[in-house]
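As stored in query-v4.txt (compact mmCIF, C-alpha atoms):
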```txt
# COMPACT_ATOMS: atom_id res chain seq x y z
CA MET H 666 102.03 91.29 114.44
CA GLY H 667 103.58 87.94 113.70
CA SER H 668 105.20 85.07 115.56
CA SER H 669 108.91 84.47 115.20
CA ALA H 670 108.28 80.73 115.10
CA ASN H 671 108.82 79.35 111.61
CA THR H 672 105.89 76.98 111.89
CA GLU H 673 103.35 79.75 112.46
CA THR H 674 101.83 82.09 109.90
CA ALA H 675 100.71 85.53 111.02
CA ILE H 676 97.59 86.87 109.32
CA VAL H 677 97.85 90.48 108.18
CA SER H 678 94.71 92.25 107.04
CA ALA H 679 93.97 95.71 105.73
CA SER H 680 91.59 96.30 108.62
CA PRO H 681 90.42 94.70 111.89
CA ALA H 682 90.14 90.92 111.86
CA SER H 683 87.29 89.63 109.76
CA ASN H 684 84.39 87.83 111.37
CA HIS H 685 81.74 86.79 108.89
CA ASN H 686 80.40 83.86 110.91
CA ASN H 687 77.33 85.62 112.23
CA PRO H 688 75.41 83.13 114.43
CA GLY H 689 71.77 82.66 113.52
CA THR H 690 72.20 84.13 110.01
CA ASN H 691 73.72 81.24 108.10
CA GLY H 692 71.48 81.69 105.07
CA GLY H 693 69.90 78.27 105.47
CA ASP H 694 66.42 77.16 106.56
CA ALA H 695 65.55 78.92 109.83
CA HIS H 696 63.08 76.19 110.87
CA THR H 697 65.52 73.66 112.32
CA ASN H 698 65.58 71.83 115.63
CA HIS H 699 68.63 73.90 116.62
CA THR H 700 66.88 77.29 116.37
CA PRO H 701 65.82 78.84 119.72
CA ALA H 702 62.06 79.32 120.19
CA ALA H 703 62.39 83.12 120.44
CA ILE H 704 63.98 83.27 117.00
CA LEU H 705 61.30 80.95 115.58
CA ASP H 706 58.66 83.37 116.82
CA LEU H 707 60.44 86.26 115.13
CA VAL H 708 60.70 84.44 111.81
CA VAL H 709 57.06 83.35 111.87
CA SER H 710 55.79 86.78 112.86
CA GLU H 711 57.67 88.65 110.08
CA PRO H 712 55.05 90.44 107.93
CA GLU H 713 54.29 88.67 104.65
CA SER H 714 54.68 91.94 102.73
CA SER H 715 58.22 92.36 104.06
CA LYS H 716 59.15 88.80 103.07
CA LYS H 717 57.79 89.33 99.57
CA ARG H 718 59.69 92.58 99.16
CA ARG H 719 62.95 90.98 100.29
CA THR H 720 62.52 88.04 97.92
CA GLY H 721 61.58 90.39 95.10
CA VAL H 722 64.94 92.19 95.08
CA LEU H 723 66.99 88.97 94.80
CA PRO H 724 69.33 88.33 93.20
CA LEU H 725 70.78 91.83 93.59
CA GLU H 726 71.81 93.51 90.35
CA VAL H 727 75.31 94.89 89.76
CA GLY H 728 75.17 98.58 90.71
CA THR H 729 72.72 98.06 93.58
CA ARG H 730 73.40 100.12 96.70
CA VAL H 731 72.68 98.53 100.06
CA MET H 732 73.86 98.49 103.68
CA CYS H 733 76.38 95.77 104.56
CA GLN H 734 77.74 94.50 107.87
CA TRP H 735 81.49 95.07 107.90
CA ARG H 736 84.22 93.61 110.10
CA ASP H 737 83.56 96.14 112.85
CA GLY H 738 80.04 94.66 113.27
CA LYS H 739 78.44 97.90 112.00
CA TYR H 740 76.50 98.46 108.78
CA HIS H 741 78.11 100.57 106.05
CA PRO H 742 76.86 101.63 102.58
CA VAL H 743 78.16 99.50 99.70
CA LYS H 744 77.75 99.27 95.96
CA VAL H 745 77.53 95.83 94.31
CA ILE H 746 80.40 95.55 91.81
CA GLU H 747 80.01 91.92 90.75
CA ARG H 748 78.14 88.74 91.72
CA ARG H 749 78.67 85.00 91.37
CA LYS H 750 76.31 82.10 91.91
CA ASN H 751 76.76 79.52 94.65
CA TYR H 752 76.13 76.36 92.66
CA ASN H 753 75.28 74.31 95.74
CA GLY H 754 72.75 76.94 96.88
CA GLY H 755 69.22 77.92 95.93
CA HIS H 756 67.87 79.89 92.98
CA ASN H 757 68.77 83.27 94.53
CA ASP H 758 71.92 82.15 96.36
CA TYR H 759 74.73 84.48 95.24
CA GLU H 760 77.89 85.97 96.69
CA TYR H 761 78.44 89.66 96.00
CA TYR H 762 81.63 91.64 95.43
CA VAL H 763 81.07 95.04 97.04
CA HIS H 764 82.78 98.42 97.31
CA TYR H 765 82.41 100.18 100.68
CA THR H 766 81.65 103.68 99.43
CA GLU H 767 83.12 105.34 102.56
CA PHE H 768 86.48 103.59 102.17
CA ASN H 769 89.37 103.03 99.74
CA ARG H 770 89.03 100.33 97.07
CA ARG H 771 91.57 98.21 98.92
CA LEU H 772 88.78 97.06 101.27
CA ASP H 773 86.50 95.78 98.46
CA GLU H 774 85.59 92.13 99.09
CA TRP H 775 83.28 89.18 98.41
CA ILE H 776 80.49 88.99 100.98
CA LYS H 777 77.62 86.61 101.70
CA LEU H 778 73.93 87.46 101.42
CA GLU H 779 73.38 87.35 105.18
CA GLN H 780 75.71 90.32 105.67
CA LEU H 781 73.32 92.58 103.71
CA ASP H 782 70.35 94.50 105.07
CA LEU H 783 67.86 93.84 102.28
CA ASP H 784 65.42 96.41 103.69
CA SER H 785 67.96 99.10 102.71
CA VAL H 786 68.25 98.09 99.04
CA GLU H 787 68.29 100.94 96.54
CA CYS H 788 67.62 99.65 93.04
CA ALA H 789 70.43 100.19 90.55
CA LEU H 790 70.01 103.14 88.21
CA ASP H 791 71.53 103.12 84.77
CA GLU H 792 75.01 104.67 85.33
CA LYS H 793 74.50 107.37 82.66
CA VAL H 794 71.08 108.31 84.07
CA GLU H 795 72.58 108.35 87.58
CA ASP H 796 75.38 110.65 86.41
CA LYS H 797 72.87 113.03 84.77
CA VAL H 798 70.63 113.16 87.84
CA THR H 799 73.64 113.68 90.13
CA SER H 800 75.20 116.41 87.97
CA LEU H 801 71.93 118.35 87.87
CA LYS H 802 71.91 118.49 91.67
CA MET H 803 75.57 119.53 92.09
CA THR H 804 77.28 122.87 91.69
CA ARG H 805 80.30 123.04 89.41
CA HIS H 806 82.62 123.25 92.45
CA GLN H 807 81.04 120.16 94.06
CA LYS H 808 81.35 118.19 90.81
CA ARG H 809 85.01 119.13 90.49
CA LYS H 810 85.65 117.93 94.06
CA ILE H 811 83.90 114.62 93.28
CA ASP H 812 85.94 114.20 90.08
CA GLU H 813 89.18 114.88 91.95
CA THR H 814 88.28 112.23 94.52
CA HIS H 815 87.12 109.77 91.86
CA VAL H 816 90.45 109.72 90.01
CA GLU H 817 92.60 109.40 93.15
CA GLY H 818 95.90 107.94 92.01
CA HIS H 819 94.88 108.06 88.33
CA GLU H 820 95.35 111.71 87.42
CA GLU H 821 97.10 110.73 84.18
CA LEU H 822 94.04 108.86 82.82
CA ASP H 823 91.27 110.43 80.76
CA ALA H 824 87.65 109.49 81.55
CA ALA H 825 87.48 106.62 79.04
CA SER H 826 90.80 105.13 80.18
CA LEU H 827 89.76 105.44 83.81
CA ARG H 828 86.51 103.54 83.15
CA GLU H 829 88.48 100.84 81.31
CA HIS H 830 90.98 100.59 84.19
CA GLU H 831 88.21 100.31 86.79
CA GLU H 832 86.33 97.71 84.75
CA PHE H 833 89.44 95.59 84.19
CA THR H 834 90.63 95.77 87.81
CA LYS H 835 87.30 96.00 89.67
CA VAL H 836 87.46 92.55 91.31
CA LYS H 837 90.43 91.26 93.30
CA ASN H 838 91.55 88.00 91.69
CA ILE H 839 93.82 86.88 94.56
CA ALA H 840 92.38 87.22 98.08
CA THR H 841 95.47 86.34 100.15
CA ILE H 842 99.13 85.50 99.74
CA GLU H 843 101.62 83.72 101.96
CA LEU H 844 105.06 85.34 102.08
CA GLY H 845 107.52 84.02 104.63
CA LYS H 846 105.83 83.81 108.04
CA TYR H 847 102.94 86.10 107.03
CA GLU H 848 99.58 85.47 105.45
CA ILE H 849 98.53 88.81 103.94
CA GLU H 850 95.15 89.97 102.67
CA THR H 851 95.56 91.64 99.28
CA TRP H 852 94.21 95.09 98.39
CA TYR H 853 93.89 95.21 94.59
CA PHE H 854 93.76 93.24 91.34
CA SER H 855 97.05 92.01 89.83
CA PRO H 856 97.31 90.59 86.26
CA PHE H 857 98.78 87.17 87.04
CA PRO H 858 99.01 84.73 84.09
CA PRO H 859 95.69 83.04 83.12
CA GLU H 860 96.61 79.73 84.76
CA TYR H 861 96.28 81.46 88.16
CA ASN H 862 92.74 82.74 87.51
CA ASP H 863 91.16 80.08 89.74
CA CYS H 864 93.45 80.75 92.73
CA VAL H 865 92.16 82.47 95.82
CA LYS H 866 95.53 82.24 97.58
CA LEU H 867 99.10 82.25 96.24
CA PHE H 868 102.28 81.09 97.96
CA PHE H 869 105.44 83.16 97.36
CA CYS H 870 109.05 82.20 97.94
CA GLU H 871 110.23 85.12 100.06
CA PHE H 872 113.71 85.07 98.50
CA CYS H 873 113.27 84.56 94.72
CA LEU H 874 109.56 85.62 94.68
CA SER H 875 108.44 82.62 92.62
CA PHE H 876 104.73 82.03 93.25
CA MET H 877 102.77 78.78 93.42
CA LYS H 878 99.19 77.58 93.79
CA ARG H 879 99.71 75.14 96.64
CA LYS H 880 101.61 75.00 99.93
CA GLU H 881 103.18 71.65 99.00
CA GLN H 882 104.66 73.22 95.85
CA LEU H 883 106.20 76.00 97.93
CA GLN H 884 107.65 73.50 100.41
CA ARG H 885 109.26 71.52 97.57
CA HIS H 886 110.57 74.74 96.03
CA MET H 887 112.09 75.94 99.32
CA ARG H 888 114.10 72.72 99.60
CA LYS H 889 115.73 73.51 96.23
CA CYS H 890 115.94 77.33 96.26
CA ASP H 891 119.45 78.37 97.26
CA LEU H 892 118.74 82.12 97.51
CA LYS H 893 118.69 83.69 100.96
CA HIS H 894 118.49 87.31 99.78
CA PRO H 895 117.38 89.23 96.66
CA PRO H 896 119.49 88.37 93.57
CA GLY H 897 121.45 91.61 93.39
CA ASP H 898 124.27 93.63 94.95
CA GLU H 899 124.09 94.54 98.64
CA ILE H 900 124.67 98.31 98.69
CA TYR H 901 123.77 99.03 102.33
CA ARG H 902 124.05 97.17 105.62
CA SER H 903 123.38 98.73 109.02
CA SER H 904 122.62 96.48 111.97
CA THR H 905 119.82 94.14 110.78
CA LEU H 906 118.80 96.27 107.78
CA SER H 907 120.07 95.60 104.28
CA MET H 908 119.42 97.18 100.87
CA PHE H 909 119.96 95.28 97.63
CA GLU H 910 120.10 96.78 94.13
CA VAL H 911 118.52 94.49 91.51
CA ASP H 912 118.94 95.24 87.80
CA GLY H 913 115.67 94.49 85.98
CA LYS H 914 117.58 93.48 82.83
CA LYS H 915 119.92 91.06 84.62
CA ASN H 916 117.22 89.58 86.89
CA LYS H 917 114.11 89.83 84.71
CA VAL H 918 112.04 87.03 86.27
CA TYR H 919 112.63 88.29 89.82
CA ALA H 920 111.73 91.85 88.79
CA GLN H 921 108.54 90.72 87.02
CA ASN H 922 107.49 88.62 90.03
CA LEU H 923 108.13 91.64 92.27
CA CYS H 924 105.81 93.71 90.04
CA TYR H 925 103.05 91.06 90.25
CA LEU H 926 103.42 91.05 94.04
CA ALA H 927 103.50 94.85 94.34
CA LYS H 928 100.41 95.33 92.16
CA LEU H 929 98.36 93.45 94.80
CA PHE H 930 98.94 96.45 97.09
CA LEU H 931 99.16 99.34 94.59
CA ASP H 932 96.06 100.45 92.71
CA HIS H 933 97.74 102.70 90.12
CA LYS H 934 100.79 100.60 89.23
CA THR H 935 101.07 99.80 85.49
CA LEU H 936 104.58 98.34 85.12
CA TYR H 937 104.51 94.54 84.74
CA TYR H 938 106.82 93.31 82.00
CA ASP H 939 109.01 96.23 80.89
CA VAL H 940 111.51 95.86 83.71
CA ASP H 941 114.78 96.16 81.71
CA LEU H 942 114.89 99.95 82.09
CA PHE H 943 114.57 99.91 85.89
CA LEU H 944 116.65 99.31 88.99
CA PHE H 945 114.89 97.87 92.05
CA TYR H 946 116.04 98.67 95.58
CA ILE H 947 114.90 95.94 97.98
CA LEU H 948 114.91 96.70 101.72
CA CYS H 949 115.33 93.63 103.94
CA GLU H 950 115.34 92.67 107.60
CA CYS H 951 118.15 90.17 108.13
CA ASP H 952 118.40 87.27 110.59
CA ASP H 953 120.06 83.86 110.67
CA ARG H 954 117.53 82.50 108.13
CA GLY H 955 118.31 85.13 105.50
CA CYS H 956 117.26 88.60 104.30
CA HIS H 957 113.48 89.07 104.31
CA MET H 958 111.96 91.73 102.06
CA VAL H 959 109.98 94.43 103.87
CA GLY H 960 109.56 96.85 100.96
CA TYR H 961 111.16 98.32 97.87
CA PHE H 962 111.31 101.21 95.45
CA SER H 963 112.09 101.21 91.75
CA LYS H 964 113.97 103.82 89.76
CA GLU H 965 114.51 104.40 86.05
CA LYS H 966 118.10 103.90 84.93
CA HIS H 967 117.82 107.09 82.86
CA SER H 968 115.04 109.60 83.58
CA GLU H 969 114.65 112.73 81.48
CA GLU H 970 112.11 114.11 84.00
CA ALA H 971 114.55 113.83 86.96
CA TYR H 972 112.47 111.08 88.61
CA ASN H 973 114.49 109.45 91.40
CA LEU H 974 111.72 106.98 92.27
CA ALA H 975 109.12 105.28 90.07
CA CYS H 976 107.27 103.04 92.51
CA ILE H 977 107.39 102.52 96.28
CA LEU H 978 105.83 99.92 98.56
CA THR H 979 106.15 98.78 102.15
CA LEU H 980 104.46 95.40 102.57
CA PRO H 981 101.46 95.50 104.97
CA PRO H 982 103.09 93.49 107.83
CA TYR H 983 105.91 96.06 107.99
CA GLN H 984 103.94 99.29 107.68
CA ARG H 985 103.92 101.95 110.43
CA LYS H 986 107.51 101.08 111.36
CA GLY H 987 109.27 103.92 109.53
CA TYR H 988 110.33 101.84 106.53
CA GLY H 989 108.41 103.92 103.96
CA LYS H 990 110.19 107.12 105.01
CA PHE H 991 113.49 105.21 105.07
CA LEU H 992 112.95 104.19 101.42
CA ILE H 993 112.14 107.80 100.46
CA ALA H 994 115.22 109.09 102.30
CA PHE H 995 117.37 106.44 100.60
CA SER H 996 116.17 107.54 97.15
CA TYR H 997 117.28 111.10 97.92
CA GLU H 998 120.66 109.92 99.22
CA LEU H 999 121.18 108.20 95.85
CA SER H 1000 120.28 111.49 94.12
CA LYS H 1001 122.86 113.33 96.24
CA LYS H 1002 125.53 110.83 95.21
CA GLU H 1003 124.53 111.41 91.58
CA GLY H 1004 124.78 115.17 92.09
CA LYS H 1005 121.15 115.67 90.99
CA VAL H 1006 117.84 116.85 92.41
CA GLY H 1007 115.02 114.30 92.30
CA THR H 1008 111.28 113.90 92.53
CA PRO H 1009 108.97 110.87 92.63
CA GLU H 1010 107.14 109.84 89.47
CA ARG H 1011 103.46 110.75 89.49
CA PRO H 1012 100.81 109.66 90.27
CA LEU H 1013 101.66 108.67 93.82
CA SER H 1014 99.44 106.23 95.69
CA ASP H 1015 97.42 107.70 98.55
CA LEU H 1016 99.79 106.22 101.14
CA GLY H 1017 102.84 107.26 99.08
CA LEU H 1018 101.66 110.86 98.92
CA VAL H 1019 101.15 110.99 102.71
CA SER H 1020 104.66 109.59 103.27
CA TYR H 1021 106.26 112.09 100.88
CA ARG H 1022 104.49 115.10 102.34
CA GLY H 1023 105.60 114.02 105.81
CA TYR H 1024 109.20 113.48 104.65
CA TRP H 1025 109.46 116.83 102.83
CA THR H 1026 107.92 118.67 105.80
CA ARG H 1027 110.32 117.21 108.37
CA ILE H 1028 113.47 117.64 106.26
CA LEU H 1029 112.72 121.24 105.33
CA LEU H 1030 111.56 122.36 108.77
CA ASP H 1031 114.61 120.80 110.46
CA ILE H 1032 116.87 122.88 108.19
CA LEU H 1033 114.85 126.07 108.68
CA LYS H 1034 114.97 125.64 112.48
CA LYS H 1035 118.76 125.30 112.53
CA HIS H 1036 119.62 127.81 109.81
CA LYS H 1037 120.60 131.35 110.76
CA GLY H 1038 119.82 134.14 108.32
CA ASN H 1039 118.14 134.04 104.92
CA ILE H 1040 117.94 130.89 102.79
CA SER H 1041 116.56 130.45 99.28
CA ILE H 1042 114.54 127.61 97.78
CA LYS H 1043 117.49 126.94 95.43
CA GLU H 1044 119.80 126.54 98.44
CA LEU H 1045 117.29 124.20 100.13
CA SER H 1046 117.12 122.15 96.94
CA ASP H 1047 120.92 121.89 96.71
CA MET H 1048 121.13 120.76 100.35
CA THR H 1049 118.36 118.16 100.21
CA ALA H 1050 118.24 117.02 96.52
CA ILE H 1051 114.48 117.77 96.69
CA LYS H 1052 113.15 119.41 93.52
CA ALA H 1053 112.40 123.14 93.90
CA GLU H 1054 108.73 122.65 92.92
CA ASP H 1055 108.25 120.10 95.72
CA ILE H 1056 109.87 122.45 98.24
CA LEU H 1057 107.67 125.34 97.12
CA SER H 1058 104.42 123.32 97.25
CA THR H 1059 105.31 121.92 100.71
CA LEU H 1060 106.11 125.32 102.20
CA GLN H 1061 103.02 126.84 100.59
CA SER H 1062 100.83 124.11 102.11
CA LEU H 1063 102.33 125.02 105.50
CA GLU H 1064 101.71 128.74 104.80
CA LEU H 1065 105.42 129.48 105.24
CA ILE H 1066 105.79 131.28 101.90
CA GLN H 1067 104.96 134.89 101.14
CA TYR H 1068 105.27 136.70 97.81
CA ARG H 1069 107.07 140.04 98.26
CA LYS H 1070 108.45 142.39 95.61
CA GLY H 1071 108.23 139.79 92.85
CA GLN H 1072 109.84 136.90 94.71
CA HIS H 1073 108.93 134.12 97.16
CA VAL H 1074 110.09 134.73 100.73
CA ILE H 1075 110.24 132.02 103.40
CA CYS H 1076 108.75 133.09 106.74
CA ALA H 1077 110.25 130.86 109.43
CA ASP H 1078 108.81 131.83 112.80
CA PRO H 1079 110.29 129.31 115.33
CA LYS H 1080 106.95 128.74 117.11
CA VAL H 1081 105.19 128.07 113.80
CA LEU H 1082 107.96 125.65 112.75
CA ASP H 1083 107.66 123.75 116.05
CA ARG H 1084 103.89 123.48 115.62
CA HIS H 1085 104.22 122.09 112.08
CA LEU H 1086 106.97 119.67 113.12
CA LYS H 1087 104.80 118.30 115.90
CA ALA H 1088 101.88 117.87 113.48
CA ALA H 1089 104.13 116.05 110.97
CA GLY H 1090 104.70 113.20 113.44
CA ARG H 1091 107.81 111.13 113.92
CA GLY H 1092 110.34 110.57 111.19
CA GLY H 1093 111.34 107.25 109.73
CA LEU H 1094 114.48 105.25 110.30
CA ASP H 1095 117.67 107.17 109.57
CA VAL H 1096 119.89 106.29 106.60
CA ASP H 1097 123.50 105.98 107.75
CA VAL H 1098 125.23 107.33 104.64
CA SER H 1099 128.60 105.95 105.80
CA LYS H 1100 127.19 102.42 105.37
CA MET H 1101 126.26 102.96 101.67
CA ILE H 1102 128.49 101.38 99.02
CA TRP H 1103 127.00 102.44 95.70
CA THR H 1104 128.03 103.57 92.23
CA PRO H 1105 125.55 105.43 90.01
CA TYR H 1106 124.31 103.40 87.05
CA LYS H 1107 125.93 105.50 84.31
CA GLU H 1108 129.30 104.95 86.02
CA GLN H 1109 128.64 101.21 86.28
CA SER H 1110 128.08 100.99 82.53
```
Can you present the structure in this file as structure tokens?
Amino acid sequence: MGSSANTETAIVSASPASNHNNPGTNGGDAHTNHTPAAILDLVVSEPESSKKRRTGVLPLEVGTRVMCQWRDGKYHPVKVIERRKNYNGGHNDYEYYVHYTEFNRRLDEWIKLEQLDLDSVECALDEKVEDKVTSLKMTRHQKRKIDETHVEGHEELDAASLREHEEFTKVKNIATIELGKYEIETWYFSPFPPEYNDCVKLFFCEFCLSFMKRKEQLQRHMRKCDLKHPPGDEIYRSSTLSMFEVDGKKNKVYAQNLCYLAKLFLDHKTLYYDVDLFLFYILCECDDRGCHMVGYFSKEKHSEEAYNLACILTLPPYQRKGYGKFLIAFSYELSKKEGKVGTPERPLSDLGLVSYRGYWTRILLDILKKHKGNISIKELSDMTAIKAEDILSTLQSLELIQYRKGQHVICADPKVLDRHLKAAGRGGLDVDVSKMIWTPYKEQS
């Protein structure tokens, strides 16, 4: 995905490479000396009524639904979320921030007028009227399914809070960041201080996570920054992988910068400043230049709800390499050392939920395959440090639980287990427990 050369920057996007330079649709005057005759004929022969209708819908209102050419070259339905005027353009020359209604919000982006099929414009309805019309046409079951989808990752928010969250975070404020050798397209809004409001791109120091507006500032900073790894205790080292524990109270600025960075890739994250109560576990790939962060998870120092993980992220350039499952496994190894069962704090992000379900499935099925005789959910919980409720929901989703004579019974047919294991895919990187050097927080204090 990226070059090992220090002078090169690899571009990491949330989807296939963008190509918005569509030849022949540059939004300017079509009647130029550089336009082929065939295209001139097409422009001239366009029906006057069609031209009038196209002009009549511009500028597009917020809420308008229209078809938009995406990076795959195909047209997809979008909803206009915001617009901004191009001051060097004409009266109707705007850029539009759109949500691709088929996809996750992480792919929302600013697009140019020429990417839109104006013949497909559906005029914006008042949102309340639209909701009323829609609800009249839907059964109660359909509406519940829509609502469940709508609040993905925000189950803890009521309707008013959800609307406020979506309004406040609807437009990405930072389009890309540079972190080490990677240039990464962001996914979501992050509440950087006001002085960064006019920045499209931010430059991060990959070791202390300070962020700057310009490349020259980063270069000057790197000449002075003496950190080559996160500012905490190294608690794990195996081959080229390292894990550092950072106390949010002792390293407040680093922890806050990490939260700003993480929010660019996590829609539901709400922790920005209150970092004193958390420990941050930073996973790094190490080479002769230092320890480079690939992901992290945070954990409350004291959790009454038995949460062993508050937030988890693998940075986009390092995803699909098993690091997410490694972070999950590491959080459970810490729970085992504490002599507790654990569970992740809810809500989980969509990618976090997929990773957890995969982890729970593999761990539990591996035990059931090897175990001879009966085994209870309590015994599984003691062996794995996974909370009983998570074990029960996982086995129920796999249809491996039956309710007999007032109790849950695990049905572990070997062929069924093999089928589920195959469907769960490969596991992540293994945690070598012998390489962990860690003392639980209460013992530290």
## Note on the structure
Pairwise distance, atom CA of Ala1050 of chain H with atom CA of Cys949 of chain H, equals 24.7 Å
### Query
Skipping near chain neighbours, those fewer than 3 positions away, what residues fall within 12 Å of Val1098 of chain H using only C-alpha atoms, listed as an NGL selection string?
:H and (900-903 or 991 or 994-999 or 1001-1002 or 1095 or 1101-1103)
## Note on the structure
Separating atom CA of Leu1018 of chain H from atom CA of Val1074 of chain H, to the nearest tenth of an Å, is a gap of 25.4 Å
### Task
Find, counting all atoms listed in the file, the residue in H:Met877, H:Leu906, H:Leu1013, H:Met1048 that gets nearest to Cys951 of chain H.
H:Leu906
### Message
Measuring between all atoms listed in the file, which one of H:Ala927, H:Leu1029, H:Val763, H:Asp953 shows the shortest distance to Thr979 of chain H?
### Response
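Nearest to Thr979 of chain H: H:Ala927.
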#### Entry: Atom pair atom CA of Asp891 of chain H / atom CA of Tyr925 of chain H: separation (Å)
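So the two atoms, atom CA of Asp891 of chain H and atom CA of Tyr925 of chain H, lie 21.9 Å apart.
Take the candidates H:Asp941, H:Asp932, H:Glu970, H:Asp758 and check each one against Lys1052 of chain H using all atoms listed in the file; the shortest distance goes to H:Glu970.
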### Query
Closest to Glu774 of chain H among H:Leu723, H:Leu1033, H:Ile947, H:Ile839, using only C-alpha atoms?
H:Ile839
### Which residue of H:Tyr961, H:Tyr972, H:Tyr1024, H:Trp775 approaches Lys1005 of chain H most closely, using only C-alpha atoms
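That would be H:Tyr972, the residue with the smallest distance to Lys1005 of chain H.
If all atoms listed in the file are the atoms counted, then among H:Leu1065, H:Cys870, H:Leu944, H:Cys864 the closest residue to Asp898 of chain H is H:Leu944.
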### Query
Which polymer residues have any atom within 7 Å of an atom of Phe872 of chain H, counting all atoms listed in the file, with same-chain residues fewer than 5 positions away left out, as a list of chain:residue names?
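Once the adjacent positions are removed, what remains is H:Leu892, H:Lys893, H:His894, H:Pro895.
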Could you list, as a CSV table (one decimal) with C-alpha atoms, in the coordinates of the input, every residue within 8 Å of Leu1057 of chain H, counting all atoms listed in the file and ignoring same-chain residues fewer than 3 positions away?
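Written out: out25.csv:
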```csv
chain,number,residue,atom,x,y,z
H,1042,ILE,CA,114.5,127.6,97.8
H,1053,ALA,CA,112.4,123.1,93.9
H,1054,GLU,CA,108.7,122.6,92.9
H,1060,LEU,CA,106.1,125.3,102.2
H,1061,GLN,CA,103.0,126.8,100.6
H,1066,ILE,CA,105.8,131.3,101.9
```
### Task
Just the residues within 9 Å of Ile1051 of chain H, please, counting all atoms listed in the file, with nothing from its chain fewer than 3 positions along; format it as a PyMOL selection string.
chain H and resi 997+1000+1006-1008+1025+1045-1048+1054-1056
### Query
In file coordinates, which residues lie within 12 Å of (105.8, 112.6, 104.0) using all atoms listed in the file, given as a count of residues only?
34
#### Entry: Residues within 9 Å of Glu747 of chain H, all atoms listed in the file, excluding chain neighbours under 6 positions, as a PyMOL selection string
chain H and resi 726-728+760-763+775+835-836
Could those selected residues go to a file with C-alpha atoms, as a PDB file, keeping the file's coordinate frame?
```
ATOM      1  CA  GLU H 726      71.810  93.510  90.350  1.00  0.00           C
ATOM      2  CA  VAL H 727      75.310  94.890  89.760  1.00  0.00           C
ATOM      3  CA  GLY H 728      75.170  98.580  90.710  1.00  0.00           C
ATOM      4  CA  GLU H 760      77.890  85.970  96.690  1.00  0.00           C
ATOM      5  CA  TYR H 761      78.440  89.660  96.000  1.00  0.00           C
ATOM      6  CA  TYR H 762      81.630  91.640  95.430  1.00  0.00           C
ATOM      7  CA  VAL H 763      81.070  95.040  97.040  1.00  0.00           C
ATOM      8  CA  TRP H 775      83.280  89.180  98.410  1.00  0.00           C
ATOM      9  CA  LYS H 835      87.300  96.000  89.670  1.00  0.00           C
ATOM     10  CA  VAL H 836      87.460  92.550  91.310  1.00  0.00           C
TER      11      VAL H 836
END
```
